[in-house]
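As stored in input_14.tsv (TSV, C-alpha atoms):
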chain	number	residue	atom	x	y	z
V	1212	MET	CA	-20.05	5.97	12.75
V	1213	ASN	CA	-21.37	9.27	11.48
V	1214	GLN	CA	-24.44	9.06	9.29
V	1215	SER	CA	-23.35	8.78	5.70
V	1216	SER	CA	-24.99	7.84	2.48
V	1217	PRO	CA	-24.16	4.69	0.55
V	1218	ASP	CA	-23.30	6.96	-2.40
V	1219	LEU	CA	-20.60	8.72	-0.38
V	1220	LEU	CA	-19.12	5.42	0.78
V	1221	TYR	CA	-19.08	4.05	-2.79
V	1222	LEU	CA	-17.43	7.28	-3.96
V	1223	LEU	CA	-14.72	7.12	-1.29
V	1224	ALA	CA	-14.08	3.47	-2.16
V	1225	ARG	CA	-13.73	4.38	-5.83
V	1226	LEU	CA	-11.30	7.21	-5.11
V	1227	LEU	CA	-8.99	4.76	-3.31
V	1228	GLY	CA	-8.55	2.89	-6.59
V	1229	ALA	CA	-5.70	3.44	-9.02
V	1230	PRO	CA	-6.23	6.31	-11.46
V	1231	GLU	CA	-6.79	5.12	-15.02
V	1232	ASP	CA	-6.79	6.87	-18.39
V	1233	ASP	CA	-10.18	8.52	-17.80
V	1234	ALA	CA	-9.40	9.58	-14.21
V	1235	LEU	CA	-9.27	13.32	-14.88
V	1236	GLU	CA	-12.53	13.32	-16.83
V	1237	LEU	CA	-14.18	11.22	-14.14
V	1238	LEU	CA	-12.92	13.50	-11.36
V	1239	GLY	CA	-14.34	16.50	-13.22
V	1240	GLU	CA	-17.73	14.79	-13.51
V	1241	LEU	CA	-17.70	13.80	-9.84
V	1242	SER	CA	-16.88	17.34	-8.72
V	1243	VAL	CA	-20.33	18.50	-9.84
V	1244	PRO	CA	-22.40	16.47	-7.34
V	1245	TRP	CA	-19.52	16.39	-4.83
V	1246	PRO	CA	-18.25	20.02	-4.64
V	1247	TRP	CA	-15.53	19.12	-2.14
V	1248	LEU	CA	-13.74	17.54	-5.14
V	1249	ALA	CA	-13.56	20.81	-7.12
V	1250	GLU	CA	-10.17	21.91	-5.77
V	1251	SER	CA	-8.81	18.40	-6.27
V	1252	PHE	CA	-9.98	18.48	-9.88
V	1253	GLU	CA	-8.29	21.83	-10.48
V	1254	GLN	CA	-4.98	20.54	-9.12
V	1255	ALA	CA	-5.27	17.23	-10.99
V	1256	ARG	CA	-5.61	19.15	-14.27
V	1257	SER	CA	-2.03	20.36	-13.81
V	1258	VAL	CA	-0.62	16.92	-12.97
V	1259	SER	CA	0.19	14.25	-15.54
V	1260	LEU	CA	-1.60	10.92	-15.25
V	1261	GLU	CA	1.80	9.29	-14.71
V	1262	SER	CA	2.52	11.59	-11.75
V	1263	TRP	CA	-0.92	10.89	-10.30
V	1264	GLN	CA	-0.38	7.15	-10.69
V	1265	ALA	CA	3.08	7.45	-9.13
V	1266	GLU	CA	1.59	9.24	-6.10
V	1267	HIS	CA	-1.09	6.55	-5.75
V	1268	THR	CA	1.58	3.84	-5.90
V	1269	ARG	CA	3.85	5.63	-3.41
V	1270	LEU	CA	1.04	6.13	-0.93
V	1271	PHE	CA	-0.77	2.83	-1.17
V	1272	LEU	CA	1.37	0.15	-2.80
V	1273	SER	CA	5.13	0.45	-2.86
V	1274	GLY	CA	6.72	3.60	-1.51
V	1275	PHE	CA	10.38	3.70	-0.56
V	1276	PRO	CA	11.60	3.16	2.10
V	1277	HIS	CA	8.08	2.11	3.14
V	1278	VAL	CA	4.49	2.37	1.94
V	1279	VAL	CA	3.09	5.60	3.38
V	1280	CYS	CA	-0.42	4.34	4.14
V	1281	PRO	CA	-1.38	0.92	2.81
V	1282	PRO	CA	-5.21	0.92	2.66
V	1283	PHE	CA	-5.44	-2.57	4.16
V	1284	ALA	CA	-6.64	-3.45	7.65
V	1285	SER	CA	-4.00	-6.19	8.01
V	1286	ALA	CA	-1.16	-3.75	7.41
V	1287	TYR	CA	-2.31	-1.56	10.30
V	1288	LEU	CA	-3.58	-4.26	12.65
V	1289	HIS	CA	-1.04	-7.04	12.04
V	1290	GLY	CA	1.94	-5.29	10.44
V	1291	HIS	CA	1.66	-7.36	7.24
V	1292	LEU	CA	-0.88	-8.14	4.53
V	1293	ASN	CA	-3.37	-11.02	4.70
V	1294	GLY	CA	-3.57	-11.11	8.48
V	1295	SER	CA	-6.27	-12.97	10.38
V	1296	ILE	CA	-8.82	-10.23	9.71
V	1297	THR	CA	-8.84	-11.24	6.03
V	1298	ASP	CA	-10.44	-14.63	6.69
V	1299	ALA	CA	-12.99	-13.12	9.07
V	1300	LEU	CA	-13.95	-10.49	6.50
V	1301	ARG	CA	-14.25	-13.08	3.73
V	1302	ALA	CA	-16.73	-15.05	5.86
V	1303	PHE	CA	-18.68	-11.90	6.75
V	1304	TYR	CA	-18.91	-10.78	3.12
V	1305	SER	CA	-20.23	-14.19	2.13
V	1306	LEU	CA	-22.91	-13.88	4.80
V	1307	ILE	CA	-24.21	-10.60	3.34
V	1308	GLY	CA	-23.74	-11.54	-0.33
V	1309	LEU	CA	-20.71	-9.36	-1.12
V	1310	LYS	CA	-18.04	-10.84	-3.37
V	1311	ALA	CA	-14.61	-9.36	-2.70
V	1312	THR	CA	-11.62	-9.86	-4.95
V	1313	VAL	CA	-9.26	-12.41	-3.40
V	1314	GLY	CA	-6.49	-10.56	-1.60
V	1315	PHE	CA	-8.61	-7.42	-1.26
V	1316	GLU	CA	-10.96	-8.49	1.50
V	1317	ASP	CA	-9.34	-6.07	3.96
V	1318	PHE	CA	-8.86	-3.28	1.40
V	1319	LEU	CA	-10.48	-0.11	2.72
V	1320	GLY	CA	-12.39	0.36	-0.55
V	1321	THR	CA	-13.96	-3.09	-0.20
V	1322	MET	CA	-14.78	-2.41	3.44
V	1323	LEU	CA	-16.47	0.92	2.59
V	1324	GLU	CA	-18.50	-0.86	-0.10
V	1325	CYS	CA	-19.54	-3.41	2.52
V	1326	ALA	CA	-20.70	-0.62	4.84
V	1327	ALA	CA	-22.65	0.95	1.96
V	1328	ARG	CA	-24.31	-2.38	1.25
V	1329	LEU	CA	-25.29	-2.75	4.92
V	1330	ILE	CA	-26.85	0.73	4.85
V	1331	GLU	CA	-28.78	-0.21	1.71
V	1332	GLN	CA	-29.97	-3.39	3.43
V	1333	HIS	CA	-31.10	-1.31	6.45
V	1334	ASN	CA	-29.02	-3.60	8.64
V	1335	GLU	CA	-28.05	-1.13	11.36
V	1336	ALA	CA	-26.92	-3.74	13.90
V	1337	ARG	CA	-24.53	-5.46	11.49
V	1338	LEU	CA	-23.30	-2.10	10.23
V	1339	GLN	CA	-22.46	-0.85	13.73
V	1340	ARG	CA	-20.68	-4.08	14.60
V	1341	PHE	CA	-18.79	-4.19	11.30
V	1342	TRP	CA	-17.77	-0.54	11.71
V	1343	SER	CA	-16.64	-0.79	15.33
V	1344	GLU	CA	-14.81	-4.10	14.99
V	1345	ASN	CA	-13.23	-3.74	11.55
V	1346	LEU	CA	-12.83	-0.05	10.69
V	1347	GLU	CA	-12.57	2.01	13.87
V	1348	PRO	CA	-9.42	0.22	15.12
V	1349	TRP	CA	-7.29	1.43	12.19
V	1350	VAL	CA	-8.93	3.82	9.72
V	1351	PRO	CA	-8.41	7.01	11.78
V	1352	ARG	CA	-4.66	6.27	11.81
V	1353	PHE	CA	-4.74	5.56	8.06
V	1354	THR	CA	-6.46	8.90	7.36
V	1355	GLN	CA	-3.84	10.80	9.37
V	1356	ASP	CA	-1.04	9.01	7.50
V	1357	LEU	CA	-2.71	9.84	4.19
V	1358	LEU	CA	-3.43	13.44	5.13
V	1359	TYR	CA	0.15	14.20	6.07
V	1360	GLY	CA	1.84	11.86	3.60
V	1361	THR	CA	0.39	12.97	0.28
V	1362	ASN	CA	1.40	15.64	-2.19
V	1363	MET	CA	-2.01	15.76	-3.92
V	1364	GLN	CA	-5.09	17.70	-2.90
V	1365	LEU	CA	-7.29	14.78	-3.95
V	1366	TYR	CA	-5.79	12.48	-1.34
V	1367	ARG	CA	-5.89	15.18	1.36
V	1368	ASP	CA	-9.57	15.68	0.61
V	1369	LEU	CA	-10.12	11.92	0.59
V	1370	ALA	CA	-8.42	11.63	3.99
V	1371	ARG	CA	-10.62	14.40	5.40
V	1372	GLN	CA	-13.81	12.85	4.07
V	1373	ILE	CA	-12.98	9.37	5.36
V	1374	GLY	CA	-11.74	10.81	8.65
V	1375	ALA	CA	-15.00	12.71	9.13
V	1376	LEU	CA	-16.83	9.36	9.17
V	1377	PHE	CA	-14.99	8.59	12.41
V	1378	SER	CA	-15.41	11.99	14.09
V	1379	PRO	CA	-18.12	12.72	16.63
V	1380	PRO	CA	-21.15	14.36	14.98
V	1381	GLY	CA	-20.55	18.09	14.64
V	1382	ALA	CA	-16.77	17.77	14.96
V	1383	ARG	CA	-14.58	19.42	12.38
V	1384	ALA	CA	-12.64	17.22	10.00
V	1385	CYS	CA	-8.86	17.14	10.44
V	1386	HIS	CA	-6.86	19.55	8.34
V	1387	ALA	CA	-3.35	19.51	7.02
V	1388	PRO	CA	-1.50	22.42	5.53
V	1389	SER	CA	-1.95	22.83	1.79
V	1390	HIS	CA	1.08	22.09	-0.34

Encoded form (structure tokens):
Amino acid sequence: MNQSSPDLLYLLARLLGAPEDDALELLGELSVPWPWLAESFEQARSVSLESWQAEHTRLFLSGFPHVVCPPFASAYLHGHLNGSITDALRAFYSLIGLKATVGFEDFLGTMLECAARLIEQHNEARLQRFWSENLEPWVPRFTQDLLYGTNMQLYRDLARQIGALFSPPGARACHAPSH
């Protein structure tokens, strides 16, 4: 795992969530401390909230003929939701005091929040084990699927930022052509 701040991990987790009514305003505010979001904000200003929500749904929840990149470990590791990793994660979260929404234990956003919490707790050994056992086996593939499957700059930037967490230090993040 590349060194990252808990704030970055919490931000990435938040950006995986569904855009709500205040999404554009929030993205504009976030682009100040996180300049890599500036281009995403500019593009999002020209997209309706409904189109943004439709892209989020297509990518993460219910695309046709298949979901482009479901942000769930079970989908990548087991080929379906709520695989065996879900129970293991639930037990791990309980151990460190993290309460995950039922059904979202293996959601990438929840897992990034868990990693942020472990950094805040200065628990390097648990963090490394959690990262190598639960994220490394599937997240790089997810980021590639997201990078090449999206029509929005925000999700390309999100894929690059998440992907950079799994790159060797000093390596360049993956890039996809702009649309």

Query - Of the listed residues V:His1291, V:Arg1340, V:His1267, V:Lys1310, that which approaches Tyr1366 of chain V most closely, counting only C-alpha atoms - result: V:His1267

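The shell of residues at most 8 Å from Leu1270 of chain V, with all atoms listed in the file counted and near chain neighbours (fewer than 4 positions) removed, consists of Glu1266, Gly1274, Val1278, Val1279, Cys1280, Pro1281, Leu1357, Gly1360 and Thr1361 of chain V.
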
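Among the candidates V:Gly1308, V:Gly1374, V:Gly1314, V:Pro1230, the one nearest to Arg1352 of chain V when counting all atoms listed in the file is V:Gly1374.
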
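Every protein, DNA or RNA residue with an atom at most 8 Å from Leu1220 of chain V, where all atoms listed in the file count and chain neighbours fewer than 2 positions away do not, is listed here: Ser1215, Ser1216, Pro1217, Asp1218, Leu1222, Leu1223, Ala1224, Leu1323, Glu1324, Ala1326 and Ala1327 of chain V.
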
Report task. Grab the atom CA of Arg1256 of chain V to atom CA of Gly1228 of chain V distance for me, in Å with one decimal place. Result -> 18.2 Å

Requested in this report: Mind listing whatever residues come within 9 Å of the point (-7.4, -11.7, 6.6)? Use all atoms listed in the file, file coordinates, and give them as a PyMOL selection string.
Outcome: chain V and resi 1284-1285+1292-1301+1314+1316-1317

Query raised in the report: Which polymer residues have any atom within 10 Å of an atom of Phe1341 of chain V, counting only C-alpha atoms, with same-chain residues fewer than 2 positions away left out, as a PyMOL selection string?
Result: chain V and resi 1300+1303+1322+1325-1326+1329+1335-1339+1343-1347

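Nearest to Val1258 of chain V of all the residues V:Ser1242, V:Asn1334, V:Thr1321, V:Gln1364 is V:Gln1364, based on only C-alpha atoms.
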
Reconstruct N, CA and C atoms of segment 1261-1282 of chain V; output as a compact mmCIF listing (two decimals), keeping the file's coordinate frame.
# COMPACT_ATOMS: atom_id res chain seq x y z
N GLU V 1261 0.69 10.08 -15.23
CA GLU V 1261 1.80 9.29 -14.71
C GLU V 1261 2.20 9.76 -13.31
N SER V 1262 2.19 11.07 -13.09
CA SER V 1262 2.52 11.59 -11.75
C SER V 1262 1.44 11.22 -10.74
N TRP V 1263 0.20 11.28 -11.16
CA TRP V 1263 -0.92 10.89 -10.30
C TRP V 1263 -0.81 9.41 -9.94
N GLN V 1264 -0.53 8.58 -10.94
CA GLN V 1264 -0.38 7.15 -10.69
C GLN V 1264 0.82 6.87 -9.78
N ALA V 1265 1.89 7.63 -9.98
CA ALA V 1265 3.08 7.45 -9.13
C ALA V 1265 2.76 7.80 -7.68
N GLU V 1266 1.98 8.86 -7.47
CA GLU V 1266 1.59 9.24 -6.10
C GLU V 1266 0.71 8.15 -5.48
N HIS V 1267 -0.22 7.64 -6.24
CA HIS V 1267 -1.09 6.55 -5.75
C HIS V 1267 -0.23 5.35 -5.35
N THR V 1268 0.71 4.98 -6.19
CA THR V 1268 1.58 3.84 -5.90
C THR V 1268 2.43 4.10 -4.66
N ARG V 1269 3.01 5.29 -4.57
CA ARG V 1269 3.85 5.63 -3.41
C ARG V 1269 3.06 5.58 -2.11
N LEU V 1270 1.87 6.09 -2.14
CA LEU V 1270 1.04 6.13 -0.93
C LEU V 1270 0.53 4.76 -0.51
N PHE V 1271 0.03 4.01 -1.49
CA PHE V 1271 -0.77 2.83 -1.17
C PHE V 1271 -0.12 1.48 -1.46
N LEU V 1272 0.88 1.46 -2.34
CA LEU V 1272 1.37 0.15 -2.80
C LEU V 1272 2.84 -0.12 -2.55
N SER V 1273 3.70 0.78 -2.96
CA SER V 1273 5.13 0.45 -2.86
C SER V 1273 6.02 1.67 -2.77
N GLY V 1274 5.85 2.45 -1.73
CA GLY V 1274 6.72 3.60 -1.51
C GLY V 1274 8.06 3.16 -0.95
N PHE V 1275 9.06 4.00 -1.10
CA PHE V 1275 10.38 3.70 -0.56
C PHE V 1275 10.73 4.78 0.46
N PRO V 1276 11.18 4.47 1.61
CA PRO V 1276 11.60 3.16 2.10
C PRO V 1276 10.45 2.31 2.63
N HIS V 1277 9.23 2.89 2.71
CA HIS V 1277 8.08 2.11 3.14
C HIS V 1277 6.83 2.68 2.48
N VAL V 1278 5.77 1.90 2.46
CA VAL V 1278 4.49 2.37 1.94
C VAL V 1278 3.93 3.37 2.95
N VAL V 1279 3.55 4.53 2.49
CA VAL V 1279 3.09 5.60 3.38
C VAL V 1279 1.84 5.19 4.15
N CYS V 1280 0.85 4.68 3.46
CA CYS V 1280 -0.42 4.34 4.14
C CYS V 1280 -1.15 3.25 3.36
N PRO V 1281 -0.71 2.01 3.52
CA PRO V 1281 -1.38 0.92 2.81
C PRO V 1281 -2.85 0.84 3.24
N PRO V 1282 -3.79 0.90 2.29
CA PRO V 1282 -5.21 0.92 2.66
C PRO V 1282 -5.77 -0.48 2.96
